[in-house]
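Structure first, commentary second.
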Amino acid sequence: SIEGLECAATVAALEPDTGLSVVTPPAVTAQLMRDAAQAGIRRLWLQPGSEPAGWEALAGELGLDVIGGGPCVLVEGPRLLPPRL
């Protein structure tokens, strides 16, 4: 656990309905994408700077639903939300 929150030691230990927000170096991200696909995890959000070269093709090959190449949700999250009426 980290600060009392339950954690998994590997991607394989996660439930298949888990979504991942990825903040790792590109080489690590490519392997993480493969590990996620093998574990049945299909939804990933690649934070800026974590996208490996060819990530879109790799996602397609692995059958993953990946968001990448956009703004950092951790920094710009509130700005990305629609305005409240």
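Ligands are numbered from 1 in the order shown, residues from 1 within each chain, and chains are lettered A, B, ... in the order they appear in the structure tokens.
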Among chain A, which ones does DSSP assign to alpha helix (DSSP H) (computed from the backbone)? Answer as number ranges by chain. A: 26-39, 55-62, 73-80
Residues at most 9 Å from A:Pro25, counting only C-alpha atoms, excluding those fewer than 3 positions away in the same chain, as a list in words?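 Non-adjacent residues within range: Val28, Thr29, Ala30, Gly49, Ser50, Glu51 and Pro52 of chain A.
Running DSSP on the backbone and keeping only strand (DSSP E or B), the residues of chain A that qualify are A:Ile2, A:Leu5, A:Gly19, A:Leu20, A:Ser21, A:Val22, A:Arg43, A:Leu44, A:Trp45, A:Leu46, A:Asp65, A:Val66, A:Ile67.
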Counting only C-alpha atoms, the option among A:Ala53, A:Ile2, A:Ala36, A:Leu80 closest to A:Ser21: A:Ala36
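For stretch 68-76 of chain A, the list of residues within 6 Å, based on only C-alpha atoms and with local chain neighbours fewer than 6 positions off taken out, reads Leu46, Gln47 and Pro48 of chain A.
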Those selected residues, please, written with N, CA and C atoms and delivered as a CSV table (one decimal), in the first residue's frame.
```
chain,number,residue,atom,x,y,z
A,46,LEU,N,-2.3,7.9,-21.9
A,46,LEU,CA,-0.8,8.2,-21.9
A,46,LEU,C,-0.6,9.7,-21.7
A,47,GLN,N,0.0,10.0,-20.6
A,47,GLN,CA,0.2,11.4,-20.3
A,47,GLN,C,1.4,11.9,-21.2
A,48,PRO,N,1.4,13.3,-21.4
A,48,PRO,CA,2.4,13.8,-22.3
A,48,PRO,C,3.8,13.4,-21.9
```
Near stretch 8-11 of chain A, within 7 Å and counting only C-alpha atoms, which residues show up once chain neighbours fewer than 2 positions away are dropped, as number ranges by chain? A: 13-14, 35-36, 39
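Of the listed residues A:Leu44, A:Leu81, A:Ala37, A:Val22, the one whose atoms come nearest to A:Ile67 is A:Leu44, with distances taken using only C-alpha atoms.
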Find the residue from A:Glu15, A:Leu20, A:Leu32, A:Pro26 that sits nearest to A:Leu62; use only C-alpha atoms when measuring. A:Leu32
To one decimal place, how far is atom CA of A:Gln38 from atom CA of A:Ala12 in Å?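 Rounded to one decimal, the two atoms are 7.7 Å apart.
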Could you check which of A:Gln31, A:Gly4, A:Trp55, A:Leu64 is closest to A:Gly19, using only C-alpha atoms? A:Leu64
Would you mind listing what lies within 10 Å of A:Asp17 as a ChimeraX atom specification, with only C-alpha atoms counted and same-chain residues fewer than 6 positions away left out? /A:39-43
Could you save the residues just selected, with C-alpha atoms, as a PDB file, in the first residue's frame?
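Below is the file that was written, result_1.pdb:
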```pdb
ATOM      1  CA  ALA A  39      -3.863  -8.825 -18.576  1.00  0.00           C
ATOM      2  CA  GLY A  40      -7.064  -7.938 -20.464  1.00  0.00           C
ATOM      3  CA  ILE A  41      -6.828  -4.230 -19.602  1.00  0.00           C
ATOM      4  CA  ARG A  42      -7.938  -2.233 -22.639  1.00  0.00           C
ATOM      5  CA  ARG A  43      -8.194   1.447 -21.564  1.00  0.00           C
TER       6      ARG A  43
END
```
Point-to-point distance in Å for atom CA of A:Ala27 and atom CA of A:Leu58: 12.5 Å
